[in-house]
$ cat protein.cif   # mmCIF, C-alpha atoms
data_upload
#
loop_
_atom_site.group_PDB
_atom_site.id
_atom_site.type_symbol
_atom_site.label_atom_id
_atom_site.label_comp_id
_atom_site.auth_asym_id
_atom_site.auth_seq_id
_atom_site.Cartn_x
_atom_site.Cartn_y
_atom_site.Cartn_z
ATOM 1 C CA MET A 1 76.142 21.214 -149.451
ATOM 2 C CA THR A 2 73.478 20.321 -146.866
ATOM 3 C CA THR A 3 72.539 16.910 -145.665
ATOM 4 C CA SER A 4 69.363 15.760 -144.054
ATOM 5 C CA VAL A 5 69.157 13.277 -141.237
ATOM 6 C CA SER A 6 66.382 10.735 -141.232
ATOM 7 C CA PRO A 7 64.024 11.279 -138.262
ATOM 8 C CA ASN A 8 64.341 7.550 -137.486
ATOM 9 C CA VAL A 9 68.118 7.614 -136.961
ATOM 10 C CA GLY A 10 68.822 6.427 -133.435
ATOM 11 C CA THR A 11 65.289 5.098 -132.953
ATOM 12 C CA THR A 12 64.824 1.876 -131.047
ATOM 13 C CA THR A 13 61.446 0.189 -131.298
ATOM 14 C CA TRP A 14 60.101 -2.113 -128.617
ATOM 15 C CA ASN A 15 57.025 -4.306 -129.121
ATOM 16 C CA ILE A 16 54.636 -5.054 -126.294
ATOM 17 C CA ASP A 17 54.804 -8.751 -125.442
ATOM 18 C CA PRO A 18 51.112 -9.670 -125.018
ATOM 19 C CA ALA A 19 51.903 -12.923 -123.201
ATOM 20 C CA HIS A 20 53.751 -11.004 -120.474
ATOM 21 C CA THR A 21 51.649 -7.831 -120.263
ATOM 22 C CA GLN A 22 48.671 -7.167 -117.997
ATOM 23 C CA ALA A 23 46.223 -4.264 -118.283
ATOM 24 C CA GLU A 24 44.026 -4.333 -115.188
ATOM 25 C CA PHE A 25 41.390 -2.142 -113.605
ATOM 26 C CA SER A 26 39.535 -1.978 -110.325
ATOM 27 C CA VAL A 27 36.291 -0.249 -109.305
ATOM 28 C CA LYS A 28 34.092 -0.129 -106.222
ATOM 29 C CA HIS A 29 30.951 -2.290 -106.261
ATOM 30 C CA LEU A 30 28.054 -1.445 -103.912
ATOM 31 C CA MET A 31 30.421 1.253 -102.591
ATOM 32 C CA ILE A 32 32.111 -1.311 -100.311
ATOM 33 C CA ALA A 33 33.824 -4.042 -102.353
ATOM 34 C CA THR A 34 36.446 -3.823 -105.067
ATOM 35 C CA VAL A 35 35.912 -5.620 -108.373
ATOM 36 C CA ARG A 36 38.967 -6.253 -110.527
ATOM 37 C CA GLY A 37 39.210 -7.078 -114.172
ATOM 38 C CA HIS A 38 41.767 -7.298 -116.901
ATOM 39 C CA PHE A 39 42.102 -7.209 -120.654
ATOM 40 C CA GLY A 40 43.809 -10.281 -122.059
ATOM 41 C CA ASN A 41 44.857 -8.866 -125.421
ATOM 42 C CA VAL A 42 47.196 -5.864 -125.341
ATOM 43 C CA SER A 43 49.471 -4.872 -128.231
ATOM 44 C CA GLY A 44 51.532 -1.884 -129.239
ATOM 45 C CA THR A 45 54.934 -0.293 -129.583
ATOM 46 C CA VAL A 46 57.289 2.052 -127.802
ATOM 47 C CA ALA A 47 59.753 3.997 -129.966
ATOM 48 C CA ILE A 48 62.669 5.734 -128.239
ATOM 49 C CA GLN A 49 65.186 8.162 -129.744
ATOM 50 C CA ASN A 50 68.868 7.761 -128.795
ATOM 51 C CA ASP A 51 68.031 5.601 -125.746
ATOM 52 C CA ASP A 52 66.409 8.619 -124.007
ATOM 53 C CA PRO A 53 63.182 7.487 -122.251
ATOM 54 C CA THR A 54 61.773 11.043 -122.301
ATOM 55 C CA THR A 55 61.522 10.778 -126.107
ATOM 56 C CA ALA A 56 59.330 7.668 -125.951
ATOM 57 C CA LYS A 57 56.376 7.473 -128.294
ATOM 58 C CA VAL A 58 53.925 4.921 -126.902
ATOM 59 C CA ASP A 59 51.095 3.489 -128.995
ATOM 60 C CA VAL A 60 48.888 0.849 -127.324
ATOM 61 C CA SER A 61 45.791 -1.004 -128.490
ATOM 62 C CA ILE A 62 43.637 -3.123 -126.176
ATOM 63 C CA ASP A 63 41.046 -5.561 -127.491
ATOM 64 C CA ALA A 64 37.939 -4.495 -125.537
ATOM 65 C CA LYS A 65 36.340 -7.910 -126.116
ATOM 66 C CA SER A 66 39.180 -9.526 -124.131
ATOM 67 C CA LEU A 67 37.694 -8.087 -120.914
ATOM 68 C CA ASP A 68 37.541 -10.582 -118.043
ATOM 69 C CA THR A 69 36.246 -9.972 -114.504
ATOM 70 C CA ARG A 70 35.735 -13.683 -113.688
ATOM 71 C CA ASP A 71 31.951 -13.330 -114.038
ATOM 72 C CA GLU A 72 30.468 -14.091 -117.471
ATOM 73 C CA LYS A 73 27.237 -12.130 -116.912
ATOM 74 C CA ARG A 74 29.114 -9.062 -115.669
ATOM 75 C CA ASP A 75 31.565 -9.338 -118.578
ATOM 76 C CA ALA A 76 28.687 -9.490 -121.066
ATOM 77 C CA HIS A 77 27.134 -6.389 -119.474
ATOM 78 C CA LEU A 78 30.462 -4.531 -119.547
ATOM 79 C CA ARG A 79 30.852 -5.377 -123.262
ATOM 80 C CA SER A 80 27.330 -4.063 -123.992
ATOM 81 C CA PRO A 81 26.339 -0.525 -125.064
ATOM 82 C CA ASP A 82 25.794 0.297 -121.349
ATOM 83 C CA PHE A 83 29.595 0.349 -120.954
ATOM 84 C CA PHE A 84 32.317 -0.409 -123.529
ATOM 85 C CA ASP A 85 30.000 -1.139 -126.492
ATOM 86 C CA VAL A 86 32.618 -3.474 -127.970
ATOM 87 C CA GLU A 87 30.694 -4.131 -131.175
ATOM 88 C CA LYS A 88 30.882 -0.419 -132.036
ATOM 89 C CA TYR A 89 34.231 0.303 -130.307
ATOM 90 C CA PRO A 90 36.332 -2.891 -130.439
ATOM 91 C CA THR A 91 39.536 -1.300 -129.140
ATOM 92 C CA ILE A 92 40.717 0.902 -126.315
ATOM 93 C CA GLY A 93 43.672 3.012 -127.374
ATOM 94 C CA PHE A 94 46.443 5.059 -125.838
ATOM 95 C CA ARG A 95 48.924 7.350 -127.611
ATOM 96 C CA SER A 96 51.533 9.239 -125.669
ATOM 97 C CA THR A 97 52.043 12.979 -126.004
ATOM 98 C CA GLN A 98 54.757 13.571 -123.379
ATOM 99 C CA VAL A 99 57.159 11.744 -121.079
ATOM 100 C CA GLU A 100 58.925 13.467 -118.214
ATOM 101 C CA ARG A 101 61.131 12.282 -115.393
ATOM 102 C CA ALA A 102 59.439 12.133 -111.977
ATOM 103 C CA GLY A 103 61.639 11.057 -109.097
ATOM 104 C CA SER A 104 62.965 7.578 -109.834
ATOM 105 C CA GLY A 105 60.300 7.025 -112.517
ATOM 106 C CA PHE A 106 58.404 8.863 -115.216
ATOM 107 C CA ARG A 107 55.097 10.579 -115.867
ATOM 108 C CA LEU A 108 53.623 9.414 -119.184
ATOM 109 C CA THR A 109 50.909 11.674 -120.559
ATOM 110 C CA GLY A 110 48.777 10.768 -123.541
ATOM 111 C CA ASP A 111 45.349 10.402 -125.065
ATOM 112 C CA LEU A 112 43.229 7.495 -123.832
ATOM 113 C CA THR A 113 40.279 6.483 -126.014
ATOM 114 C CA ILE A 114 37.479 4.406 -124.497
ATOM 115 C CA ALA A 115 34.162 3.797 -126.281
ATOM 116 C CA GLY A 116 34.924 6.520 -128.824
ATOM 117 C CA VAL A 117 35.744 9.211 -126.218
ATOM 118 C CA THR A 118 39.311 10.521 -126.033
ATOM 119 C CA LYS A 119 40.664 12.258 -122.932
ATOM 120 C CA PRO A 120 44.183 13.081 -121.733
ATOM 121 C CA VAL A 121 45.512 10.944 -118.886
ATOM 122 C CA THR A 122 48.809 10.770 -117.026
ATOM 123 C CA LEU A 123 50.332 7.527 -115.805
ATOM 124 C CA ASP A 124 52.999 7.137 -113.142
ATOM 125 C CA VAL A 125 55.583 4.779 -114.645
ATOM 126 C CA GLU A 126 58.356 2.759 -113.021
ATOM 127 C CA ASP A 127 61.168 1.229 -115.058
ATOM 128 C CA GLU A 128 61.425 -2.372 -113.840
ATOM 129 C CA GLY A 129 64.652 -3.044 -115.749
ATOM 130 C CA ARG A 130 66.062 -4.888 -118.739
ATOM 131 C CA ALA A 131 67.182 -8.473 -119.270
ATOM 132 C CA ARG A 132 67.958 -10.991 -121.978
ATOM 133 C CA ASP A 133 65.776 -14.071 -122.226
ATOM 134 C CA PRO A 134 67.340 -17.550 -122.678
ATOM 135 C CA TRP A 135 67.211 -17.086 -126.477
ATOM 136 C CA GLY A 136 69.171 -13.810 -126.423
ATOM 137 C CA ASN A 137 66.234 -11.454 -126.971
ATOM 138 C CA GLU A 138 66.425 -8.125 -125.145
ATOM 139 C CA LYS A 139 63.433 -7.391 -122.901
ATOM 140 C CA ALA A 140 62.385 -4.382 -120.833
ATOM 141 C CA ALA A 141 59.633 -4.104 -118.253
ATOM 142 C CA PHE A 142 57.579 -1.200 -116.923
ATOM 143 C CA SER A 143 54.727 -0.796 -114.492
ATOM 144 C CA ALA A 144 52.245 2.067 -114.695
ATOM 145 C CA THR A 145 49.270 3.299 -112.706
ATOM 146 C CA THR A 146 46.624 5.966 -113.072
ATOM 147 C CA LYS A 147 43.087 6.797 -112.018
ATOM 148 C CA ILE A 148 40.261 7.947 -114.260
ATOM 149 C CA LYS A 149 36.593 8.754 -113.871
ATOM 150 C CA ARG A 150 34.566 6.438 -116.099
ATOM 151 C CA SER A 151 31.857 9.092 -116.481
ATOM 152 C CA GLU A 152 34.360 11.296 -118.338
ATOM 153 C CA PHE A 153 34.465 8.600 -121.034
ATOM 154 C CA GLY A 154 30.675 8.366 -121.319
ATOM 155 C CA LEU A 155 30.461 5.213 -119.167
ATOM 156 C CA THR A 156 27.624 6.465 -116.985
ATOM 157 C CA TRP A 157 25.344 3.429 -116.518
ATOM 158 C CA ASN A 158 24.513 2.888 -112.857
ATOM 159 C CA VAL A 159 21.830 1.899 -110.357
ATOM 160 C CA ALA A 160 20.992 3.925 -107.255
ATOM 161 C CA LEU A 161 21.096 1.897 -104.043
ATOM 162 C CA GLU A 162 18.185 1.940 -101.623
ATOM 163 C CA ALA A 163 20.466 2.865 -98.707
ATOM 164 C CA GLY A 164 22.170 5.607 -100.761
ATOM 165 C CA GLY A 165 25.070 5.532 -103.131
ATOM 166 C CA VAL A 166 25.392 3.634 -106.398
ATOM 167 C CA LEU A 167 26.075 0.118 -107.635
ATOM 168 C CA VAL A 168 29.248 0.946 -109.614
ATOM 169 C CA GLY A 169 31.833 3.529 -108.565
ATOM 170 C CA ASP A 170 32.994 6.277 -110.893
ATOM 171 C CA ASP A 171 36.678 6.103 -109.954
ATOM 172 C CA ILE A 172 38.653 3.501 -111.893
ATOM 173 C CA LYS A 173 42.175 2.490 -110.936
ATOM 174 C CA ILE A 174 44.269 1.258 -113.837
ATOM 175 C CA THR A 175 47.409 -0.834 -113.421
ATOM 176 C CA ILE A 176 49.628 -1.957 -116.274
ATOM 177 C CA GLU A 177 52.519 -4.402 -116.077
ATOM 178 C CA ALA A 178 54.213 -4.415 -119.465
ATOM 179 C CA GLN A 179 57.062 -6.430 -120.862
ATOM 180 C CA LEU A 180 58.562 -5.203 -124.118
ATOM 181 C CA ALA A 181 60.698 -7.037 -126.652
ATOM 182 C CA LYS A 182 63.308 -5.081 -128.583
ATOM 183 C CA ALA A 183 62.440 -5.220 -132.268
ATOM 184 C CA SER A 184 65.101 -6.676 -134.531
#

$ encode --input "protein.cif" --output "structure tokens"
Amino acid sequence: MTTSVSPNVGTTTWNIDPAHTQAEFSVKHLMIATVRGHFGNVSGTVAIQNDDPTTAKVDVSIDAKSLDTRDEKRDAHLRSPDFFDVEKYPTIGFRSTQVERAGSGFRLTGDLTIAGVTKPVTLDVEDEGRARDPWGNEKAAFSATTKIKRSEFGLTWNVALEAGGVLVGDDIKITIEAQLAKAS
């Protein structure tokens, strides 16, 4: 007699806590200053088999309309078809494909989708630890960083500067501070 084991046996699911998660980016402006922004609405899950972080399946959705750079005109332009085209592409997504140990942290590889273009990216991830909140809920926190080229995602709008260079840099630094809540 053979028995089958459910693929979900030993799976722990963690939900991203949007109130305690930050997805931020930075880019050069005029080739000299750094502009920072963040997305205020991040959701998703992390599913782990048998408490082994290298088995993590990460699925994240970011509301592109929740973009905030502290400048309403710039935010409106970034939401337009010149950049994120949020009416056509309301979410930015990430789905992991691999997790591997890297020193004291991890390298999380997956598919990032921005404005309908999907490209593989790798994030350097640090485990910030686990704790119980005052109500007994188990929490975990992670920080992650990566760099992408916005042009690879079709975000190519720019203005040439009279003295040389461009208005908006191509290199984007992404920083994520995520707190997860263990699903009951």

$ residues_around --input "protein.cif" --residues "range 142-149 of chain A" --least-positions-apart "2" --cutoff "7 Å" --atoms "all atoms listed in the file" --output "MDAnalysis selection string"
chainID A and resid 122:128 140 151:152 170:179

$ residues_around --input "protein.cif" --residues "Thr97 in chain A" --least-positions-apart "3" --cutoff "12 Å" --atoms "only C-alpha atoms" --output "list of chain:residue names"
A:Thr54, A:Thr55, A:Ala56, A:Lys57, A:Val58, A:Asp59, A:Phe94, A:Glu100, A:Arg107, A:Leu108, A:Thr109, A:Gly110, A:Asp111, A:Leu112, A:Lys119, A:Pro120, A:Val121, A:Thr122, A:Leu123

$ closest_residue --input "protein.cif" --among "A:Ala33, A:Gly93, A:His77, A:Ser43" --to "His20 in chain A" --atoms "all atoms listed in the file"
A:Ser43

$ atom_distance --input "protein.cif" --atom1 "CA of Val60 in chain A" --atom2 "CA of Ile114 in chain A"
12.3 Å

$ residues_around --input "protein.cif" --residues "Leu30 in chain A" --least-positions-apart "3" --cutoff "7 Å" --atoms "all atoms listed in the file" --output "MDAnalysis selection string"
chainID A and resid 33 166:168

$ resolve_selection --input "protein.cif" --expression "the PyMOL selection byres ((chain A and resi 35) around 12)" --output "compact mmCIF listing (two decimals) with C-alpha atoms, in the frame of the given file"
# COMPACT_ATOMS: atom_id res chain seq x y z
CA GLU A 24 44.03 -4.33 -115.19
CA PHE A 25 41.39 -2.14 -113.60
CA SER A 26 39.53 -1.98 -110.32
CA VAL A 27 36.29 -0.25 -109.30
CA LYS A 28 34.09 -0.13 -106.22
CA HIS A 29 30.95 -2.29 -106.26
CA LEU A 30 28.05 -1.44 -103.91
CA MET A 31 30.42 1.25 -102.59
CA ILE A 32 32.11 -1.31 -100.31
CA ALA A 33 33.82 -4.04 -102.35
CA THR A 34 36.45 -3.82 -105.07
CA ARG A 36 38.97 -6.25 -110.53
CA GLY A 37 39.21 -7.08 -114.17
CA HIS A 38 41.77 -7.30 -116.90
CA ASP A 68 37.54 -10.58 -118.04
CA THR A 69 36.25 -9.97 -114.50
CA ARG A 70 35.74 -13.68 -113.69
CA ASP A 71 31.95 -13.33 -114.04
CA ARG A 74 29.11 -9.06 -115.67
CA ASP A 75 31.56 -9.34 -118.58
CA LEU A 167 26.08 0.12 -107.64
CA VAL A 168 29.25 0.95 -109.61
CA GLY A 169 31.83 3.53 -108.56
CA ASP A 171 36.68 6.10 -109.95
CA ILE A 172 38.65 3.50 -111.89
CA LYS A 173 42.18 2.49 -110.94

$ resolve_selection --input "protein.cif" --expression "the PyMOL selection byres ((chain A and resi 79-82) around 10)" --output "compact mmCIF listing (two decimals) with C-alpha atoms, in the frame of the given file"
# COMPACT_ATOMS: atom_id res chain seq x y z
CA ALA A 64 37.94 -4.50 -125.54
CA LYS A 65 36.34 -7.91 -126.12
CA SER A 66 39.18 -9.53 -124.13
CA LEU A 67 37.69 -8.09 -120.91
CA ASP A 68 37.54 -10.58 -118.04
CA LYS A 73 27.24 -12.13 -116.91
CA ARG A 74 29.11 -9.06 -115.67
CA ASP A 75 31.56 -9.34 -118.58
CA ALA A 76 28.69 -9.49 -121.07
CA HIS A 77 27.13 -6.39 -119.47
CA LEU A 78 30.46 -4.53 -119.55
CA PHE A 83 29.60 0.35 -120.95
CA PHE A 84 32.32 -0.41 -123.53
CA ASP A 85 30.00 -1.14 -126.49
CA VAL A 86 32.62 -3.47 -127.97
CA GLU A 87 30.69 -4.13 -131.18
CA LYS A 88 30.88 -0.42 -132.04
CA TYR A 89 34.23 0.30 -130.31
CA PRO A 90 36.33 -2.89 -130.44
CA ALA A 115 34.16 3.80 -126.28
CA GLY A 154 30.68 8.37 -121.32
CA LEU A 155 30.46 5.21 -119.17
CA THR A 156 27.62 6.46 -116.98
CA TRP A 157 25.34 3.43 -116.52
CA ASN A 158 24.51 2.89 -112.86

$ residues_around --input "protein.cif" --residues "range 132-136 of chain A" --least-positions-apart "2" --cutoff "12 Å" --atoms "all atoms listed in the file" --output "list in words"
Gly129, Arg130, Glu138, Lys139, Ala140, Ala141, Gln179, Leu180, Ala181, Lys182 and Ser184 of chain A

$ write_last_selection --input "protein.cif" --atoms "C-alpha atoms" --output "PDB file, in the frame of the given file"
ATOM      1  CA  GLY A 129      64.652  -3.044-115.749  1.00  0.00           C
ATOM      2  CA  ARG A 130      66.062  -4.888-118.739  1.00  0.00           C
ATOM      3  CA  GLU A 138      66.425  -8.125-125.145  1.00  0.00           C
ATOM      4  CA  LYS A 139      63.433  -7.391-122.901  1.00  0.00           C
ATOM      5  CA  ALA A 140      62.385  -4.382-120.833  1.00  0.00           C
ATOM      6  CA  ALA A 141      59.633  -4.104-118.253  1.00  0.00           C
ATOM      7  CA  GLN A 179      57.062  -6.430-120.862  1.00  0.00           C
ATOM      8  CA  LEU A 180      58.562  -5.203-124.118  1.00  0.00           C
ATOM      9  CA  ALA A 181      60.698  -7.037-126.652  1.00  0.00           C
ATOM     10  CA  LYS A 182      63.308  -5.081-128.583  1.00  0.00           C
ATOM     11  CA  SER A 184      65.101  -6.676-134.531  1.00  0.00           C
TER      12      SER A 184
END

$ atom_distance --input "protein.cif" --atom1 "CA of Gly116 in chain A" --atom2 "CA of Val42 in chain A"
17.8 Å

$ axis_aligned_box --input "protein.cif" --around "range 37-44 of chain A" --padding-each-side "6 Å" --output "JSON"
{"center_x": 45.4, "center_y": -6.1, "center_z": -121.7, "size_x": 24.3, "size_y": 20.4, "size_z": 27.1}

$ atom_distance --input "protein.cif" --atom1 "CA of Ser61 in chain A" --atom2 "CA of Ala183 in chain A"
17.6 Å

$ resolve_selection --input "protein.cif" --expression "the PyMOL selection byres ((chain A and resi 49) around 8)" --output "PyMOL selection string"
chain A and resi 8-12+47-48+50-53+55-56

$ write_last_selection --input "protein.cif" --atoms "C-alpha atoms" --output "mmCIF file, in the coordinates of the input"
data_model
loop_
_atom_site.group_PDB
_atom_site.id
_atom_site.type_symbol
_atom_site.label_atom_id
_atom_site.label_comp_id
_atom_site.auth_asym_id
_atom_site.auth_seq_id
_atom_site.Cartn_x
_atom_site.Cartn_y
_atom_site.Cartn_z
ATOM 1 C CA ASN A 8 64.341 7.550 -137.486
ATOM 2 C CA VAL A 9 68.118 7.614 -136.961
ATOM 3 C CA GLY A 10 68.822 6.427 -133.435
ATOM 4 C CA THR A 11 65.289 5.098 -132.953
ATOM 5 C CA THR A 12 64.824 1.876 -131.047
ATOM 6 C CA ALA A 47 59.753 3.997 -129.966
ATOM 7 C CA ILE A 48 62.669 5.734 -128.239
ATOM 8 C CA ASN A 50 68.868 7.761 -128.795
ATOM 9 C CA ASP A 51 68.031 5.601 -125.746
ATOM 10 C CA ASP A 52 66.409 8.619 -124.007
ATOM 11 C CA PRO A 53 63.182 7.487 -122.251
ATOM 12 C CA THR A 55 61.522 10.778 -126.107
ATOM 13 C CA ALA A 56 59.330 7.668 -125.951
#

$ build_atoms --input "protein.cif" --residues "range 6-27 of chain A" --atoms "N, CA and C atoms" --output "JSON list (two decimals), keeping the file's coordinate frame"
[["chain", "number", "residue", "atom", "x", "y", "z"],
["A", 6, "SER", "N", 67.67, 11.41, -141.35],
["A", 6, "SER", "CA", 66.38, 10.74, -141.23],
["A", 6, "SER", "C", 65.87, 10.87, -139.81],
["A", 7, "PRO", "N", 64.57, 11.15, -139.61],
["A", 7, "PRO", "CA", 64.02, 11.28, -138.26],
["A", 7, "PRO", "C", 64.06, 9.97, -137.49],
["A", 8, "ASN", "N", 64.32, 8.84, -138.17],
["A", 8, "ASN", "CA", 64.34, 7.55, -137.49],
["A", 8, "ASN", "C", 65.74, 7.12, -137.06],
["A", 9, "VAL", "N", 66.77, 7.95, -137.37],
["A", 9, "VAL", "CA", 68.12, 7.61, -136.96],
["A", 9, "VAL", "C", 68.16, 7.60, -135.43],
["A", 10, "GLY", "N", 68.72, 6.53, -134.88],
["A", 10, "GLY", "CA", 68.82, 6.43, -133.44],
["A", 10, "GLY", "C", 67.54, 5.98, -132.75],
["A", 11, "THR", "N", 66.55, 5.54, -133.53],
["A", 11, "THR", "CA", 65.29, 5.10, -132.95],
["A", 11, "THR", "C", 65.34, 3.61, -132.65],
["A", 12, "THR", "N", 64.95, 3.28, -131.44],
["A", 12, "THR", "CA", 64.82, 1.88, -131.05],
["A", 12, "THR", "C", 63.34, 1.60, -130.83],
["A", 13, "THR", "N", 62.85, 0.55, -131.45],
["A", 13, "THR", "CA", 61.45, 0.19, -131.30],
["A", 13, "THR", "C", 61.35, -1.06, -130.43],
["A", 14, "TRP", "N", 60.40, -0.99, -129.50],
["A", 14, "TRP", "CA", 60.10, -2.11, -128.62],
["A", 14, "TRP", "C", 58.65, -2.50, -128.85],
["A", 15, "ASN", "N", 58.39, -3.80, -128.95],
["A", 15, "ASN", "CA", 57.02, -4.31, -129.12],
["A", 15, "ASN", "C", 56.50, -4.83, -127.80],
["A", 16, "ILE", "N", 55.26, -4.51, -127.49],
["A", 16, "ILE", "CA", 54.64, -5.05, -126.29],
["A", 16, "ILE", "C", 54.50, -6.56, -126.47],
["A", 17, "ASP", "N", 54.92, -7.29, -125.45],
["A", 17, "ASP", "CA", 54.80, -8.75, -125.44],
["A", 17, "ASP", "C", 53.47, -9.10, -124.79],
["A", 18, "PRO", "N", 52.45, -9.44, -125.58],
["A", 18, "PRO", "CA", 51.11, -9.67, -125.02],
["A", 18, "PRO", "C", 51.05, -10.81, -124.01],
["A", 19, "ALA", "N", 51.93, -11.78, -124.13],
["A", 19, "ALA", "CA", 51.90, -12.92, -123.20],
["A", 19, "ALA", "C", 52.44, -12.55, -121.82],
["A", 20, "HIS", "N", 53.15, -11.42, -121.74],
["A", 20, "HIS", "CA", 53.75, -11.00, -120.47],
["A", 20, "HIS", "C", 53.33, -9.59, -120.10],
["A", 21, "THR", "N", 52.15, -9.17, -120.56],
["A", 21, "THR", "CA", 51.65, -7.83, -120.26],
["A", 21, "THR", "C", 50.24, -7.95, -119.70],
["A", 22, "GLN", "N", 49.98, -7.19, -118.64],
["A", 22, "GLN", "CA", 48.67, -7.17, -118.00],
["A", 22, "GLN", "C", 48.14, -5.74, -117.97],
["A", 23, "ALA", "N", 46.93, -5.54, -118.42],
["A", 23, "ALA", "CA", 46.22, -4.26, -118.28],
["A", 23, "ALA", "C", 45.03, -4.55, -117.40],
["A", 24, "GLU", "N", 45.05, -4.02, -116.18],
["A", 24, "GLU", "CA", 44.03, -4.33, -115.19],
["A", 24, "GLU", "C", 43.33, -3.07, -114.69],
["A", 25, "PHE", "N", 42.13, -3.26, -114.18],
["A", 25, "PHE", "CA", 41.39, -2.14, -113.60],
["A", 25, "PHE", "C", 40.69, -2.62, -112.35],
["A", 26, "SER", "N", 40.34, -1.66, -111.50],
["A", 26, "SER", "CA", 39.53, -1.98, -110.32],
["A", 26, "SER", "C", 38.55, -0.84, -110.09],
["A", 27, "VAL", "N", 37.37, -1.21, -109.54],
["A", 27, "VAL", "CA", 36.29, -0.25, -109.30],
["A", 27, "VAL", "C", 35.49, -0.72, -108.10]]
